Amino acid sequence: DGGGEVGGGGGGGGSAGDAAAMKLTASFFFAGWMLGLSLWGGLAARRGWLVALGAVQLCVVAFGCATAACGGPRSFLLLRFLCGFAEGGVPTTSFGWAGEFMLPRSKVRVGFALLIGFHVGSLAITVGAYYLPHGWRLLSAATSLLALPLSLCALFLLPESPRYLQRSGRATQAAEVLRRMALLNGRPPPPTLPDAGGDVGGEHEDGAADGAADGDGGGDGGGGGGGGQRRRRRR
């Protein structure tokens with residue numbers, strides 16, 4: 001974390017109080033992390049999952065680079081708290097967004113893959129710290145800047161949550177996302193979604209999403225509405 005340099009040589013000699021404060025680095029980080037866990041999900045539900053995911057990654061970049069440029073232990077602790085707040089939104093937004101596009105049988109594998117990325121990154125930072133024992137500022141800035149492409153992808157390339165689009169009154173956009181999912185999986189397009197104001201969290205939307213995502217038998221979920229119409233015609 002570079003606490004020795006910020007509290008000592010990097011701060012002009014420092015004091016015993018500064019050195020003691022630097023021992024609280026992890027506590028400040030995880031206090032922010034817990035706060036982020038509780039707040040980022042609400043932002044995603046109100047403003048969109050991609051907006052929240054992009055904002056999280058931009059905050060990681062901004063606060064991580066600011067940490068690399070901090071000038072004293074107090075600013076360092078504050079920025080570690082803010083970094084923790086941003087990092088607390090990573091599992092909330094990434095798991096929340098990705099899970100909506102996965103079938104139940106695939107969610108465990110996807111979650112495991114995301115966790116592998118976390119551990120690989122932690123190992124890479126450990127190796128970098130070993131070879132740059134006094135270059136923590138460079139390491140902090142470099143690892144933070146890696147989040148910038150993720151934020152740009154989230155804001156401009158990835159599809160928004162169809163459930164969020166439906167709930168916010170954008171049924172046409174939600175249906176377009178589901179059609180893209182069906183096309184990628186070689187499935188027929190799902191039925192038209194109802195207008196906003198209906199039961200958007202009910203079986204209709206869930207069945208459509210499953211039918212669009214399932215490459216084997218998902219047509220049953222996506223075609224539930226059509227099956228009901230055929231039965232009514234026969235009657």
# chains A, B, ... in the order shown; residues from 1 in each chain; ligands from 1
call {"tool": "residues_around", "arguments": {"residues": "range 132-148 of chain A", "least_positions_apart": "4", "cutoff": "10 Å", "atoms": "only C-alpha atoms", "output": "PyMOL selection string"}}
result
chain A and resi 1-5+54+56-70+83+121+124-128+152-154
call {"tool": "residues_around", "arguments": {"residues": "Leu39 in chain A", "least_positions_apart": "6", "cutoff": "12 Å", "atoms": "only C-alpha atoms", "output": "list in words"}}
result
Gly32, Trp33, Ala45, Arg46, Ala52, Val56, Phe85, Ala86, Glu87, Gly88, Gly89, Val90, Thr92 and Thr93 of chain A
call {"tool": "atom_distance", "arguments": {"atom1": "CA of Val51 in chain A", "atom2": "CA of Thr25 in chain A"}}
result
29.0 Å
call {"tool": "select_by_dssp", "arguments": {"residues": "range 38-224 of chain A", "states": "helix (DSSP H, G or I)", "output": "PyMOL selection string"}}
result
chain A and resi 38-47+49-68+73-100+104-131+136-145+147-156+162-167+171-184+203-213+219-222+224
call {"tool": "write_last_selection", "arguments": {"atoms": "C-alpha atoms", "output": "short mmCIF file (atom, residue, chain, number, x, y, z; two decimals), in the first residue's frame"}}
result
data_model
loop_
_atom_site.label_atom_id
_atom_site.label_comp_id
_atom_site.auth_asym_id
_atom_site.auth_seq_id
_atom_site.Cartn_x
_atom_site.Cartn_y
_atom_site.Cartn_z
CA SER A 38 -24.79 -1.45 0.17
CA LEU A 39 -25.17 1.55 -2.17
CA TRP A 40 -24.13 0.60 -5.71
CA GLY A 41 -26.97 -1.89 -6.17
CA GLY A 42 -29.57 0.81 -5.46
CA LEU A 43 -27.94 3.10 -8.03
CA ALA A 44 -28.01 0.29 -10.60
CA ALA A 45 -31.69 -0.36 -9.97
CA ARG A 46 -32.56 3.33 -10.45
CA ARG A 47 -30.16 4.39 -13.22
CA TRP A 49 -26.78 -1.60 -14.48
CA LEU A 50 -24.41 -0.44 -17.21
CA VAL A 51 -24.43 3.12 -15.86
CA ALA A 52 -23.53 1.80 -12.41
CA LEU A 53 -20.90 -0.60 -13.80
CA GLY A 54 -19.28 2.17 -15.85
CA ALA A 55 -19.37 4.58 -12.90
CA VAL A 56 -17.75 1.99 -10.64
CA GLN A 57 -14.87 1.46 -13.05
CA LEU A 58 -14.38 5.20 -13.57
CA CYS A 59 -14.25 5.69 -9.79
CA VAL A 60 -11.66 2.92 -9.54
CA VAL A 61 -9.53 4.73 -12.12
CA ALA A 62 -9.95 8.17 -10.52
CA PHE A 63 -9.42 7.19 -6.89
CA GLY A 64 -6.59 4.77 -7.68
CA CYS A 65 -4.65 7.38 -9.66
CA ALA A 66 -5.35 9.97 -6.96
CA THR A 67 -3.92 7.56 -4.40
CA ALA A 68 -0.73 7.35 -6.46
CA PRO A 73 -1.09 9.79 5.32
CA ARG A 74 -4.44 11.48 5.89
CA SER A 75 -5.15 11.96 2.20
CA PHE A 76 -3.88 8.44 1.61
CA LEU A 77 -6.37 6.98 4.11
CA LEU A 78 -9.23 9.02 2.66
CA LEU A 79 -8.43 7.83 -0.85
CA ARG A 80 -8.13 4.23 0.31
CA PHE A 81 -11.63 4.58 1.75
CA LEU A 82 -12.88 5.93 -1.58
CA CYS A 83 -11.10 3.15 -3.46
CA GLY A 84 -12.83 0.64 -1.22
CA PHE A 85 -16.17 2.33 -1.89
CA ALA A 86 -15.60 1.97 -5.64
CA GLU A 87 -14.37 -1.61 -5.38
CA GLY A 88 -17.43 -2.53 -3.31
CA GLY A 89 -19.54 -1.88 -6.39
CA VAL A 90 -17.57 -4.30 -8.57
CA PRO A 91 -19.17 -7.56 -7.34
CA THR A 92 -22.58 -5.93 -7.01
CA THR A 93 -22.72 -4.54 -10.54
CA SER A 94 -20.74 -7.21 -12.40
CA PHE A 95 -22.55 -10.20 -10.88
CA GLY A 96 -25.90 -8.42 -11.07
CA TRP A 97 -25.50 -7.53 -14.73
CA ALA A 98 -23.91 -10.75 -15.96
CA GLY A 99 -26.31 -12.96 -14.03
CA GLU A 100 -29.29 -11.63 -15.94
CA PRO A 104 -29.55 -20.79 -13.92
CA ARG A 105 -27.33 -23.75 -14.81
CA SER A 106 -24.60 -21.39 -16.06
CA LYS A 107 -24.56 -18.84 -13.23
CA VAL A 108 -22.27 -20.87 -10.98
CA ARG A 109 -19.67 -21.24 -13.74
CA VAL A 110 -19.85 -17.55 -14.61
CA GLY A 111 -19.48 -16.53 -10.98
CA PHE A 112 -16.52 -18.86 -10.63
CA ALA A 113 -14.89 -17.32 -13.73
CA LEU A 114 -15.32 -13.82 -12.27
CA LEU A 115 -13.71 -14.93 -9.02
CA ILE A 116 -10.78 -16.44 -10.92
CA GLY A 117 -10.18 -13.02 -12.47
CA PHE A 118 -10.07 -11.47 -9.00
CA HIS A 119 -7.47 -13.97 -7.77
CA VAL A 120 -5.35 -13.69 -10.92
CA GLY A 121 -5.33 -9.91 -10.52
CA SER A 122 -4.36 -10.17 -6.85
CA LEU A 123 -1.48 -12.48 -7.77
CA ALA A 124 -0.32 -10.11 -10.51
CA ILE A 125 -0.29 -7.18 -8.07
CA THR A 126 1.73 -9.24 -5.58
CA VAL A 127 4.30 -10.05 -8.27
CA GLY A 128 4.42 -6.40 -9.33
CA ALA A 129 4.93 -5.27 -5.73
CA TYR A 130 7.83 -7.72 -5.41
CA TYR A 131 9.64 -6.27 -8.41
CA TRP A 136 3.87 1.60 -5.20
CA ARG A 137 2.70 4.87 -6.79
CA LEU A 138 3.39 3.57 -10.29
CA LEU A 139 1.79 0.23 -9.43
CA SER A 140 -1.33 1.92 -8.03
CA ALA A 141 -1.75 4.10 -11.12
CA ALA A 142 -1.07 1.27 -13.58
CA THR A 143 -3.51 -1.19 -12.00
CA SER A 144 -6.19 1.50 -11.70
CA LEU A 145 -5.88 2.53 -15.35
CA ALA A 147 -10.22 -0.42 -15.36
CA LEU A 148 -10.62 2.34 -17.96
CA PRO A 149 -11.28 0.01 -20.95
CA LEU A 150 -13.87 -1.82 -18.85
CA SER A 151 -15.77 1.38 -18.17
CA LEU A 152 -15.74 2.31 -21.87
CA CYS A 153 -17.00 -1.15 -22.83
CA ALA A 154 -19.76 -0.95 -20.24
CA LEU A 155 -20.93 2.44 -21.44
CA PHE A 156 -20.69 1.93 -25.21
CA PRO A 162 -33.53 -5.99 -20.35
CA ARG A 163 -35.29 -6.17 -16.98
CA TYR A 164 -34.15 -2.64 -16.15
CA LEU A 165 -35.20 -1.40 -19.59
CA GLN A 166 -38.62 -2.97 -19.18
CA ARG A 167 -39.13 -1.49 -15.73
CA ALA A 171 -39.98 -2.17 -23.71
CA THR A 172 -38.82 -1.73 -27.32
CA GLN A 173 -35.17 -1.54 -26.26
CA ALA A 174 -35.62 -4.49 -23.92
CA ALA A 175 -37.10 -6.55 -26.76
CA GLU A 176 -34.16 -5.58 -28.99
CA VAL A 177 -31.68 -6.85 -26.39
CA LEU A 178 -33.58 -10.13 -26.17
CA ARG A 179 -33.60 -10.43 -29.97
CA ARG A 180 -29.83 -9.97 -30.00
CA MET A 181 -29.49 -12.69 -27.38
CA ALA A 182 -31.68 -15.03 -29.44
CA LEU A 183 -29.66 -14.30 -32.60
CA LEU A 184 -26.35 -15.05 -30.87
CA GLU A 203 -42.98 -15.18 -15.93
CA HIS A 204 -43.35 -13.50 -19.33
CA GLU A 205 -40.06 -11.62 -19.24
CA ASP A 206 -38.17 -14.40 -17.47
CA GLY A 207 -39.39 -16.93 -20.03
CA ALA A 208 -38.42 -14.65 -22.90
CA ALA A 209 -34.94 -14.13 -21.49
CA ASP A 210 -34.44 -17.86 -20.91
CA GLY A 211 -35.64 -18.62 -24.43
CA ALA A 212 -33.28 -16.06 -25.91
CA ALA A 213 -30.29 -17.32 -23.93
CA GLY A 219 -37.53 -21.96 -26.98
CA ASP A 220 -40.03 -23.31 -24.46
CA GLY A 221 -39.50 -20.33 -22.21
CA GLY A 222 -39.38 -17.76 -24.99
CA GLY A 224 -44.67 -19.61 -23.79
#
call {"tool": "closest_residue", "arguments": {"among": "A:Pro191, A:Gly48, A:Ala21, A:Ala26", "to": "Ser161 in chain A", "atoms": "only C-alpha atoms"}}
result
A:Gly48
call {"tool": "atom_distance", "arguments": {"atom1": "CA of Pro188 in chain A", "atom2": "CA of Gly169 in chain A"}}
result
24.1 Å
call {"tool": "decode", "arguments": {"residues": "range 53-136 of chain A", "atoms": "C-alpha atoms", "output": "PDB file, in the first residue's frame"}}
result
ATOM      1  CA  LEU A  53     -20.898  -0.595 -13.802  1.00  0.00           C
ATOM      2  CA  GLY A  54     -19.284   2.168 -15.852  1.00  0.00           C
ATOM      3  CA  ALA A  55     -19.371   4.578 -12.902  1.00  0.00           C
ATOM      4  CA  VAL A  56     -17.749   1.986 -10.640  1.00  0.00           C
ATOM      5  CA  GLN A  57     -14.867   1.462 -13.046  1.00  0.00           C
ATOM      6  CA  LEU A  58     -14.383   5.202 -13.566  1.00  0.00           C
ATOM      7  CA  CYS A  59     -14.250   5.688  -9.793  1.00  0.00           C
ATOM      8  CA  VAL A  60     -11.663   2.916  -9.544  1.00  0.00           C
ATOM      9  CA  VAL A  61      -9.526   4.732 -12.117  1.00  0.00           C
ATOM     10  CA  ALA A  62      -9.949   8.175 -10.524  1.00  0.00           C
ATOM     11  CA  PHE A  63      -9.418   7.187  -6.891  1.00  0.00           C
ATOM     12  CA  GLY A  64      -6.593   4.766  -7.679  1.00  0.00           C
ATOM     13  CA  CYS A  65      -4.653   7.378  -9.663  1.00  0.00           C
ATOM     14  CA  ALA A  66      -5.345   9.975  -6.961  1.00  0.00           C
ATOM     15  CA  THR A  67      -3.918   7.556  -4.402  1.00  0.00           C
ATOM     16  CA  ALA A  68      -0.728   7.353  -6.459  1.00  0.00           C
ATOM     17  CA  ALA A  69      -0.432  11.153  -6.290  1.00  0.00           C
ATOM     18  CA  CYS A  70      -1.399  11.685  -2.636  1.00  0.00           C
ATOM     19  CA  GLY A  71       0.962  13.701  -0.442  1.00  0.00           C
ATOM     20  CA  GLY A  72       0.358  12.518   3.107  1.00  0.00           C
ATOM     21  CA  PRO A  73      -1.086   9.792   5.318  1.00  0.00           C
ATOM     22  CA  ARG A  74      -4.442  11.476   5.892  1.00  0.00           C
ATOM     23  CA  SER A  75      -5.150  11.961   2.199  1.00  0.00           C
ATOM     24  CA  PHE A  76      -3.878   8.438   1.607  1.00  0.00           C
ATOM     25  CA  LEU A  77      -6.372   6.982   4.109  1.00  0.00           C
ATOM     26  CA  LEU A  78      -9.233   9.020   2.662  1.00  0.00           C
ATOM     27  CA  LEU A  79      -8.426   7.826  -0.850  1.00  0.00           C
ATOM     28  CA  ARG A  80      -8.128   4.228   0.308  1.00  0.00           C
ATOM     29  CA  PHE A  81     -11.631   4.584   1.746  1.00  0.00           C
ATOM     30  CA  LEU A  82     -12.881   5.934  -1.581  1.00  0.00           C
ATOM     31  CA  CYS A  83     -11.101   3.146  -3.464  1.00  0.00           C
ATOM     32  CA  GLY A  84     -12.828   0.637  -1.224  1.00  0.00           C
ATOM     33  CA  PHE A  85     -16.165   2.328  -1.888  1.00  0.00           C
ATOM     34  CA  ALA A  86     -15.601   1.972  -5.642  1.00  0.00           C
ATOM     35  CA  GLU A  87     -14.371  -1.615  -5.375  1.00  0.00           C
ATOM     36  CA  GLY A  88     -17.429  -2.527  -3.312  1.00  0.00           C
ATOM     37  CA  GLY A  89     -19.536  -1.880  -6.391  1.00  0.00           C
ATOM     38  CA  VAL A  90     -17.569  -4.296  -8.566  1.00  0.00           C
ATOM     39  CA  PRO A  91     -19.168  -7.557  -7.344  1.00  0.00           C
ATOM     40  CA  THR A  92     -22.583  -5.926  -7.011  1.00  0.00           C
ATOM     41  CA  THR A  93     -22.719  -4.540 -10.540  1.00  0.00           C
ATOM     42  CA  SER A  94     -20.742  -7.213 -12.402  1.00  0.00           C
ATOM     43  CA  PHE A  95     -22.551 -10.204 -10.881  1.00  0.00           C
ATOM     44  CA  GLY A  96     -25.902  -8.420 -11.073  1.00  0.00           C
ATOM     45  CA  TRP A  97     -25.498  -7.526 -14.733  1.00  0.00           C
ATOM     46  CA  ALA A  98     -23.911 -10.750 -15.963  1.00  0.00           C
ATOM     47  CA  GLY A  99     -26.309 -12.963 -14.027  1.00  0.00           C
ATOM     48  CA  GLU A 100     -29.291 -11.630 -15.943  1.00  0.00           C
ATOM     49  CA  PHE A 101     -27.905 -12.946 -19.221  1.00  0.00           C
ATOM     50  CA  MET A 102     -27.101 -16.399 -17.874  1.00  0.00           C
ATOM     51  CA  LEU A 103     -29.345 -19.408 -17.484  1.00  0.00           C
ATOM     52  CA  PRO A 104     -29.549 -20.789 -13.924  1.00  0.00           C
ATOM     53  CA  ARG A 105     -27.332 -23.753 -14.807  1.00  0.00           C
ATOM     54  CA  SER A 106     -24.597 -21.388 -16.059  1.00  0.00           C
ATOM     55  CA  LYS A 107     -24.555 -18.840 -13.230  1.00  0.00           C
ATOM     56  CA  VAL A 108     -22.265 -20.868 -10.977  1.00  0.00           C
ATOM     57  CA  ARG A 109     -19.666 -21.236 -13.741  1.00  0.00           C
ATOM     58  CA  VAL A 110     -19.851 -17.550 -14.614  1.00  0.00           C
ATOM     59  CA  GLY A 111     -19.485 -16.528 -10.977  1.00  0.00           C
ATOM     60  CA  PHE A 112     -16.517 -18.858 -10.629  1.00  0.00           C
ATOM     61  CA  ALA A 113     -14.895 -17.320 -13.727  1.00  0.00           C
ATOM     62  CA  LEU A 114     -15.318 -13.823 -12.273  1.00  0.00           C
ATOM     63  CA  LEU A 115     -13.715 -14.931  -9.018  1.00  0.00           C
ATOM     64  CA  ILE A 116     -10.778 -16.440 -10.916  1.00  0.00           C
ATOM     65  CA  GLY A 117     -10.177 -13.021 -12.470  1.00  0.00           C
ATOM     66  CA  PHE A 118     -10.065 -11.472  -9.001  1.00  0.00           C
ATOM     67  CA  HIS A 119      -7.469 -13.969  -7.772  1.00  0.00           C
ATOM     68  CA  VAL A 120      -5.347 -13.692 -10.918  1.00  0.00           C
ATOM     69  CA  GLY A 121      -5.331  -9.907 -10.518  1.00  0.00           C
ATOM     70  CA  SER A 122      -4.359 -10.175  -6.852  1.00  0.00           C
ATOM     71  CA  LEU A 123      -1.481 -12.482  -7.772  1.00  0.00           C
ATOM     72  CA  ALA A 124      -0.321 -10.113 -10.513  1.00  0.00           C
ATOM     73  CA  ILE A 125      -0.291  -7.177  -8.070  1.00  0.00           C
ATOM     74  CA  THR A 126       1.726  -9.235  -5.584  1.00  0.00           C
ATOM     75  CA  VAL A 127       4.296 -10.052  -8.270  1.00  0.00           C
ATOM     76  CA  GLY A 128       4.420  -6.402  -9.331  1.00  0.00           C
ATOM     77  CA  ALA A 129       4.935  -5.268  -5.734  1.00  0.00           C
ATOM     78  CA  TYR A 130       7.828  -7.720  -5.406  1.00  0.00           C
ATOM     79  CA  TYR A 131       9.644  -6.274  -8.410  1.00  0.00           C
ATOM     80  CA  LEU A 132       8.730  -2.664  -7.561  1.00  0.00           C
ATOM     81  CA  PRO A 133       9.205  -2.530  -3.775  1.00  0.00           C
ATOM     82  CA  HIS A 134       9.438   1.277  -3.775  1.00  0.00           C
ATOM     83  CA  GLY A 135       7.288   1.918  -6.827  1.00  0.00           C
ATOM     84  CA  TRP A 136       3.872   1.604  -5.202  1.00  0.00           C
TER      85      TRP A 136
END
